[in-house]
Structures are given as C-alpha cells and as structure tokens.
>>> print(open('my_file27.pdb').read())   # PDB, C-alpha atoms and all ligand atoms
ATOM      1  CA  MET D   5     -38.462  11.313 -20.531
ATOM      2  CA  GLU D   6     -39.209  11.209 -16.782
ATOM      3  CA  LEU D   7     -36.667  13.955 -16.208
ATOM      4  CA  LEU D   8     -38.228  16.017 -18.962
ATOM      5  CA  ASN D   9     -41.720  15.595 -17.472
ATOM      6  CA  LEU D  10     -40.444  16.448 -14.036
ATOM      7  CA  LEU D  11     -38.706  19.597 -15.249
ATOM      8  CA  LEU D  12     -41.722  20.690 -17.264
ATOM      9  CA  LYS D  13     -44.025  20.109 -14.278
ATOM     10  CA  LEU D  14     -41.626  22.048 -12.083
ATOM     11  CA  SER D  15     -41.437  24.954 -14.511
ATOM     12  CA  SER D  16     -45.198  25.128 -14.866
ATOM     13  CA  ARG D  17     -45.644  24.952 -11.058
ATOM     14  CA  LEU D  18     -43.059  27.689 -10.498
ATOM     15  CA  HIS D  19     -44.586  29.725 -13.242
ATOM     16  CA  SER D  20     -48.097  29.548 -11.776
ATOM     17  CA  VAL D  21     -46.810  30.498  -8.293
ATOM     18  CA  VAL D  22     -44.808  33.439  -9.564
ATOM     19  CA  TYR D  23     -47.442  34.543 -12.011
ATOM     20  CA  THR D  24     -50.006  35.072  -9.259
ATOM     21  CA  ARG D  25     -47.526  37.111  -7.233
ATOM     22  CA  LEU D  26     -46.334  39.376  -9.953
ATOM     23  CA  CYS D  27     -48.685  42.077 -11.061
ATOM     24  CA  GLU D  28     -46.511  43.114 -13.973
ATOM     25  CA  SER D  29     -46.752  40.572 -16.746
ATOM     26  CA  GLY D  30     -43.376  41.561 -18.172
ATOM     27  CA  ASN D  31     -41.665  40.290 -15.028
ATOM     28  CA  ALA D  32     -43.548  37.011 -15.177
ATOM     29  CA  ARG D  33     -42.501  36.631 -18.759
ATOM     30  CA  VAL D  34     -38.838  37.165 -17.980
ATOM     31  CA  PHE D  35     -39.002  34.650 -15.147
ATOM     32  CA  ARG D  36     -40.699  32.087 -17.384
ATOM     33  CA  LEU D  37     -38.107  32.677 -20.056
ATOM     34  CA  HIS D  38     -35.298  31.999 -17.591
ATOM     35  CA  ILE D  39     -36.951  28.734 -16.594
ATOM     36  CA  TYR D  40     -37.198  27.680 -20.247
ATOM     37  CA  ILE D  41     -33.562  28.615 -20.818
ATOM     38  CA  LEU D  42     -32.487  26.621 -17.778
ATOM     39  CA  ILE D  43     -34.458  23.516 -18.810
ATOM     40  CA  TYR D  44     -33.286  23.839 -22.402
ATOM     41  CA  SER D  45     -29.668  24.108 -21.339
ATOM     42  CA  VAL D  46     -29.828  21.117 -18.982
ATOM     43  CA  LEU D  47     -31.684  18.883 -21.430
ATOM     44  CA  SER D  48     -29.437  19.893 -24.314
ATOM     45  CA  LEU D  49     -26.563  18.337 -22.448
ATOM     46  CA  LEU D  50     -28.592  15.089 -22.496
ATOM     47  CA  ASN D  51     -28.977  15.374 -26.285
ATOM     48  CA  ARG D  52     -32.766  15.706 -26.199
ATOM     49  CA  ASP D  53     -34.775  17.003 -29.120
ATOM     50  CA  LEU D  54     -35.858  20.378 -27.834
ATOM     51  CA  GLU D  55     -37.598  22.036 -30.744
ATOM     52  CA  TYR D  56     -40.729  22.699 -28.697
ATOM     53  CA  LEU D  57     -38.687  24.351 -25.926
ATOM     54  CA  LYS D  58     -36.849  26.425 -28.497
ATOM     55  CA  ALA D  59     -40.240  27.566 -29.795
ATOM     56  CA  CYS D  60     -41.244  28.576 -26.234
ATOM     57  CA  ILE D  61     -38.010  30.533 -25.834
ATOM     58  CA  LEU D  62     -38.528  32.332 -29.141
ATOM     59  CA  ALA D  63     -42.123  33.161 -28.268
ATOM     60  CA  GLU D  64     -41.082  34.583 -24.873
ATOM     61  CA  THR D  65     -38.149  36.544 -26.280
ATOM     62  CA  PHE D  66     -39.665  38.012 -29.431
ATOM     63  CA  TYR D  67     -43.007  39.026 -30.759
ATOM     64  CA  ILE D  68     -44.190  39.708 -34.271
ATOM     65  CA  GLY D  69     -45.645  43.076 -35.126
ATOM     66  CA  GLY D  70     -46.865  44.742 -38.290
ATOM     67  CA  GLU D  71     -49.491  43.594 -40.736
ATOM     68  CA  CYS D  72     -49.848  41.985 -44.139
ATOM     69  CA  GLN D  73     -48.930  44.320 -47.016
ATOM     70  CA  SER D  74     -50.156  41.945 -49.733
ATOM     71  CA  SER D  75     -46.630  41.606 -51.065
ATOM     72  CA  GLY D  76     -47.169  37.980 -52.083
ATOM     73  CA  ASN D  77     -43.830  37.212 -50.442
ATOM     74  CA  CYS D  78     -45.252  34.360 -48.394
ATOM     75  CA  CYS D  79     -46.910  32.717 -51.416
ATOM     76  CA  SER D  80     -44.335  32.849 -54.217
ATOM     77  CA  GLY D  81     -40.640  32.128 -54.347
ATOM     78  CA  ILE D  82     -41.017  30.050 -51.182
ATOM     79  CA  MET D  83     -39.724  26.692 -50.008
ATOM     80  CA  LEU D  84     -42.255  24.120 -48.818
ATOM     81  CA  PHE D  85     -41.687  21.894 -45.811
ATOM     82  CA  SER D  86     -43.083  18.580 -44.688
ATOM     83  CA  ASN D  87     -42.530  17.536 -41.052
ATOM     84  CA  GLY D  88     -39.893  20.238 -40.756
ATOM     85  CA  TYR D  89     -37.881  19.092 -43.792
ATOM     86  CA  PRO D  90     -37.638  21.076 -47.051
ATOM     87  CA  LEU D  91     -39.262  19.564 -50.127
ATOM     88  CA  ASP D  92     -36.215  20.450 -52.197
ATOM     89  CA  THR D  93     -36.277  17.634 -54.757
ATOM     90  CA  VAL D  94     -38.939  16.559 -57.222
ATOM     91  CA  ALA D  95     -39.051  13.111 -55.596
ATOM     92  CA  LYS D  96     -39.713  14.594 -52.137
ATOM     93  CA  PHE D  97     -42.381  16.885 -53.524
ATOM     94  CA  GLN D  98     -44.145  14.038 -55.328
ATOM     95  CA  ASP D  99     -44.015  11.903 -52.209
ATOM     96  CA  ALA D 100     -45.530  14.730 -50.115
ATOM     97  CA  LEU D 101     -48.150  15.321 -52.805
ATOM     98  CA  SER D 102     -49.180  11.666 -52.798
ATOM     99  CA  LYS D 103     -49.870  11.940 -49.054
ATOM    100  CA  ASP D 104     -51.420  15.387 -48.908
ATOM    101  CA  PHE D 105     -53.314  17.052 -51.744
ATOM    102  CA  LYS D 106     -52.793  20.537 -50.264
ATOM    103  CA  TYR D 107     -49.451  20.623 -52.097
ATOM    104  CA  GLN D 108     -51.298  20.388 -55.402
ATOM    105  CA  ARG D 109     -51.670  24.158 -55.595
ATOM    106  CA  PHE D 110     -47.920  24.724 -55.740
ATOM    107  CA  ASN D 111     -45.759  24.848 -58.868
ATOM    108  CA  TYR D 112     -42.061  24.332 -58.437
ATOM    109  CA  HIS D 113     -38.961  25.797 -60.102
ATOM    110  CA  SER D 114     -36.283  23.157 -60.410
ATOM    111  CA  GLY D 115     -32.600  23.358 -61.208
ATOM    112  CA  ALA D 116     -29.924  20.751 -61.771
ATOM    113  CA  ALA D 117     -30.408  17.151 -60.620
ATOM    114  CA  HIS D 118     -34.148  17.622 -60.066
ATOM    115  CA  ARG D 119     -33.470  19.942 -57.156
ATOM    116  CA  ILE D 120     -36.285  22.356 -56.407
ATOM    117  CA  GLN D 121     -35.265  25.947 -55.763
ATOM    118  CA  SER D 122     -38.644  27.481 -54.939
ATOM    119  CA  TYR D 123     -42.402  27.196 -55.294
ATOM    120  CA  ASP D 124     -45.145  29.540 -56.433
ATOM    121  CA  CYS D 125     -48.724  29.095 -55.307
ATOM    122  CA  SER D 126     -51.255  28.933 -58.140
ATOM    123  CA  GLN D 127     -53.886  30.483 -55.870
ATOM    124  CA  LEU D 128     -52.162  33.856 -55.655
ATOM    125  CA  SER D 129     -54.000  36.469 -57.726
ATOM    126  CA  LYS D 130     -52.324  39.192 -59.798
ATOM    127  CA  ASN D 131     -52.979  41.698 -57.021
ATOM    128  CA  ASN D 132     -51.486  39.310 -54.449
ATOM    129  CA  ARG D 133     -54.726  38.082 -52.911
ATOM    130  CA  CYS D 134     -55.380  34.483 -51.954
ATOM    131  CA  LEU D 135     -58.008  33.015 -54.292
ATOM    132  CA  ASP D 136     -58.708  30.127 -51.934
ATOM    133  CA  TYR D 137     -58.558  31.888 -48.586
ATOM    134  CA  GLU D 138     -61.150  29.681 -46.831
ATOM    135  CA  ASN D 139     -59.346  26.475 -47.774
ATOM    136  CA  ARG D 140     -55.758  27.640 -47.518
ATOM    137  CA  PRO D 141     -53.373  25.149 -45.858
ATOM    138  CA  ASP D 142     -52.519  25.412 -42.160
ATOM    139  CA  PHE D 143     -49.045  26.785 -42.830
ATOM    140  CA  CYS D 144     -50.709  29.717 -44.607
ATOM    141  CA  ARG D 145     -53.084  30.253 -41.670
ATOM    142  CA  LEU D 146     -50.217  30.227 -39.178
ATOM    143  CA  TYR D 147     -47.975  32.566 -41.154
ATOM    144  CA  PRO D 148     -45.896  34.481 -39.992
ATOM    145  CA  TYR D 149     -45.673  32.771 -36.582
ATOM    146  CA  SER D 150     -44.930  29.251 -37.812
ATOM    147  CA  TYR D 151     -42.392  30.572 -40.315
ATOM    148  CA  PHE D 152     -40.509  32.492 -37.644
ATOM    149  CA  ILE D 153     -40.546  29.584 -35.182
ATOM    150  CA  GLU D 154     -39.296  27.227 -37.876
ATOM    151  CA  LYS D 155     -36.672  29.429 -39.512
ATOM    152  CA  GLY D 156     -35.771  32.083 -36.936
ATOM    153  CA  PHE D 157     -36.396  34.976 -39.336
ATOM    154  CA  LEU D 158     -39.063  36.539 -41.535
ATOM    155  CA  ARG D 159     -38.701  37.474 -45.159
ATOM    156  CA  SER D 160     -38.432  41.208 -45.634
ATOM    157  CA  GLY D 161     -41.120  43.204 -47.358
ATOM    158  CA  CYS D 162     -44.161  41.279 -46.165
ATOM    159  CA  GLY D 163     -45.153  43.907 -43.591
ATOM    160  CA  TYR D 164     -44.450  41.805 -40.493
ATOM    161  CA  ASN D 165     -41.396  42.289 -38.348
ATOM    162  CA  VAL D 166     -39.772  40.625 -35.362
ATOM    163  CA  ARG D 167     -39.388  42.652 -32.179
ATOM    164  CA  LEU D 168     -37.876  42.050 -28.787
ATOM    165  CA  ARG D 169     -40.396  41.726 -25.963
ATOM    166  CA  ASN D 170     -38.092  42.869 -23.159
ATOM    167  CA  SER D 171     -34.442  43.439 -22.602
ATOM    168  CA  LEU D 172     -32.604  40.225 -23.321
ATOM    169  CA  PRO D 173     -31.847  37.886 -20.415
ATOM    170  CA  ILE D 174     -28.481  36.172 -20.283
ATOM    171  CA  PHE D 175     -28.464  33.205 -22.637
ATOM    172  CA  TRP D 176     -25.532  31.591 -20.925
ATOM    173  CA  TYR D 177     -25.777  28.275 -22.777
ATOM    174  CA  PRO D 178     -23.484  28.962 -25.800
ATOM    175  CA  PRO D 179     -25.489  27.246 -28.618
ATOM    176  CA  LEU D 180     -28.677  28.985 -27.482
ATOM    177  CA  ARG D 181     -26.848  32.318 -27.158
ATOM    178  CA  ARG D 182     -25.460  31.941 -30.693
ATOM    179  CA  TYR D 183     -28.926  31.103 -32.032
ATOM    180  CA  ILE D 184     -30.545  34.155 -30.423
ATOM    181  CA  GLN D 185     -27.643  36.361 -31.566
ATOM    182  CA  SER D 186     -28.092  35.119 -35.148
ATOM    183  CA  ILE D 187     -31.745  36.212 -35.000
ATOM    184  CA  LEU D 188     -30.756  39.593 -33.582
ATOM    185  CA  LEU D 189     -28.302  40.027 -36.451
ATOM    186  CA  THR D 190     -30.666  39.030 -39.261
ATOM    187  CA  GLN D 191     -33.666  41.043 -38.035
ATOM    188  CA  SER D 192     -33.541  44.796 -37.549
ATOM    189  CA  PHE D 193     -34.607  46.015 -34.098
TER     190      PHE D 193
HETATM  191  S1  LIG G 201     -53.089  29.181 -50.472
HETATM  192 FE1  LIG G 201     -53.352  31.396 -50.428
HETATM  193  S2  LIG G 201     -52.213  32.094 -48.603
HETATM  194 FE2  LIG G 201     -51.500  29.996 -49.094
HETATM  195  S3  LIG G 201     -49.690  30.241 -50.398
HETATM  196 FE3  LIG G 201     -51.476  30.070 -51.767
HETATM  197  S4  LIG G 201     -52.144  32.183 -52.168
HETATM  198 FE4  LIG G 201     -50.804  32.238 -50.358
END
>>> encode(input="my_file27.pdb", output="structure tokens")
Amino acid sequence: MELLNLLLKLSSRLHSVVYTRLCESGNARVFRLHIYILIYSVLSLLNRDLEYLKACILAETFYIGGECQSSGNCCSGIMLFSNGYPLDTVAKFQDALSKDFKYQRFNYHSGAAHRIQSYDCSQLSKNNRCLDYENRPDFCRLYPYSYFIEKGFLRSGCGYNVRLRNSLPIFWYPPLRRYIQSILLTQSF
C-alpha cells in the first residue's frame, strides 16, 4: 500500500510539473498515460487490484463521442451488476433487491437453473424514453462512461461510440497490451 501511495504521489507530482510546462494538452495526456501504464505494469507484478488504474488508462486512451439515439439499448436486454459482479441468477438478483430497491424496476428473463440471461427496465416507454428520468439509478446517469470502463466496449446502435484520443503509446506490458488490443478489435475506429 505504501508503494502504491508513493507511486501515485510521484505520478501526480510529475504530472503537475509537466502539465504546467506543456502548452499542448495532448502531450500532457500522453505523458500522463505513460505514467499510468508504468505504475500499472509495476504494480501488476505485485498482484495488486488495479481496476482504478485501468479506468485511468482507458480514460486517457479513449474518449466517447456521439449522442443518445433513444434506441433503448441501454435499458432493455441488459445485464445488471452489483459491486462489479453480474446478477446472473435469481438468488443474486433477489439478494441485491433486498439491499437496494433501485433494482425493483427491472424484470428479468431467466433460462435453465434459475440463470438470468437479461433484464428489461419497466420504466422504458414505448418510444424508448425513460419514464423516471429524475430518479433513475446512478448506473443510468453514468451511462455510457461507466459501462465502457466496466466492460471495455459499448453496445452498438445506441448512438455513442468509442474513439482514440491520440496515437497509441506502446503498451509494453503484455496483459495490458492484449486488453487494449481487444478493445481496438471490438470497437470500430
Ligand atoms: S431507469 Fe430509465 S434510464 Fe435507467 S434503465 Fe430504466 S428506462 Fe433506462
């Protein structure tokens, strides 16, 4: 933990120094990205949980453009998550529901062995508008950013798309390189 704090402090210090010297934000971004990649790669070797660093790397590498096309894609035929884990069984869904009533609005489609394949939100109107927009859950408010950070892709047809911010730096740490390459393959640039 001390090493992690030290590296994060170092990266933020280096970032602030470089940021003030660089007038072109793109360069600062690339530098910051390299620092994240370096820290991620070192800490990965220590078997640390680095989801937050992965999120930083994604946010520095890609951005999300486009706008909502009212496809309803983010509200029906979806999988729900709780603490990063899919609610893919009836038991998990009922447990999540007992702790958080926001799940109440979702109806599930189950298959064999009480496994849930997808959910539809009951608050989606026939013309794909949210009927409870003011009170929609946080994961609806944060869509599509949270979805992309969590899954590494966006569903097609919703109007949003993933784009590269700059030319790609060298992701020399193999697992990270494979992860970024898988995103490049699944999204069209
Ligand atoms: S609450 Fe609204 S935005 Fe969220 S899934 Fe339901 S219809 Fe979509």
>>> closest_atom_pairs(input="my_file27.pdb", of="chain D", to="ligand LIG 201 (chain G)", cutoff="6 Å", atoms="all atoms listed in the file", output="CSV")
residue,atom,partner,partner_atom,distance
D:Cys79,CA,G:LIG201,S3,3.9
D:Cys125,CA,G:LIG201,FE3,4.6
D:Gln127,CA,G:LIG201,S4,4.4
D:Leu128,CA,G:LIG201,S4,3.9
D:Cys134,CA,G:LIG201,S4,4.0
D:Asp136,CA,G:LIG201,FE1,5.7
D:Tyr137,CA,G:LIG201,FE1,5.5
D:Arg140,CA,G:LIG201,S1,4.3
D:Cys144,CA,G:LIG201,FE2,4.6
>>> resolve_selection(input="my_file27.pdb", expression="the PyMOL selection byres (((chain D and resi 93) around 9) and not hetatm)", output="list in words")
Pro90, Leu91, Asp92, Val94, Ala95, Lys96, Phe97, Gln98, Ser114, Ala117, His118, Arg119, Ile120 and Gln121 of chain D
>>> residues_around(input="my_file27.pdb", residues="Phe110 of chain D", least_positions_apart="2", cutoff="6 Å", atoms="only C-alpha atoms", output="JSON, numbers by chain")
{"D": [107, 108, 124, 125, 126]}
>>> resolve_selection(input="my_file27.pdb", expression="the PyMOL selection byres (((chain D and resi 173) around 10) and not hetatm)", output="CSV table (one decimal) with C-alpha atoms, keeping the file's coordinate frame")
chain,number,residue,atom,x,y,z
D,34,VAL,CA,-38.8,37.2,-18.0
D,35,PHE,CA,-39.0,34.6,-15.1
D,37,LEU,CA,-38.1,32.7,-20.1
D,38,HIS,CA,-35.3,32.0,-17.6
D,41,ILE,CA,-33.6,28.6,-20.8
D,65,THR,CA,-38.1,36.5,-26.3
D,170,ASN,CA,-38.1,42.9,-23.2
D,171,SER,CA,-34.4,43.4,-22.6
D,172,LEU,CA,-32.6,40.2,-23.3
D,174,ILE,CA,-28.5,36.2,-20.3
D,175,PHE,CA,-28.5,33.2,-22.6
D,176,TRP,CA,-25.5,31.6,-20.9
>>> atom_distance(input="my_file27.pdb", atom1="atom CA of Gly156 of chain D", atom2="atom CA of Asn131 of chain D")
28.1 Å
>>> atom_distance(input="my_file27.pdb", atom1="atom CA of Leu54 of chain D", atom2="atom CA of Lys155 of chain D")
14.8 Å
>>> resolve_selection(input="my_file27.pdb", expression="the PyMOL selection byres (((chain D and resi 187-190) around 12) and not hetatm)", output="list in words")
Leu62, Thr65, Phe66, Phe152, Ile153, Lys155, Gly156, Phe157, Leu158, Arg159, Ser160, Asn165, Val166, Arg167, Leu168, Leu172, Leu180, Arg181, Arg182, Tyr183, Ile184, Gln185, Ser186, Gln191, Ser192 and Phe193 of chain D
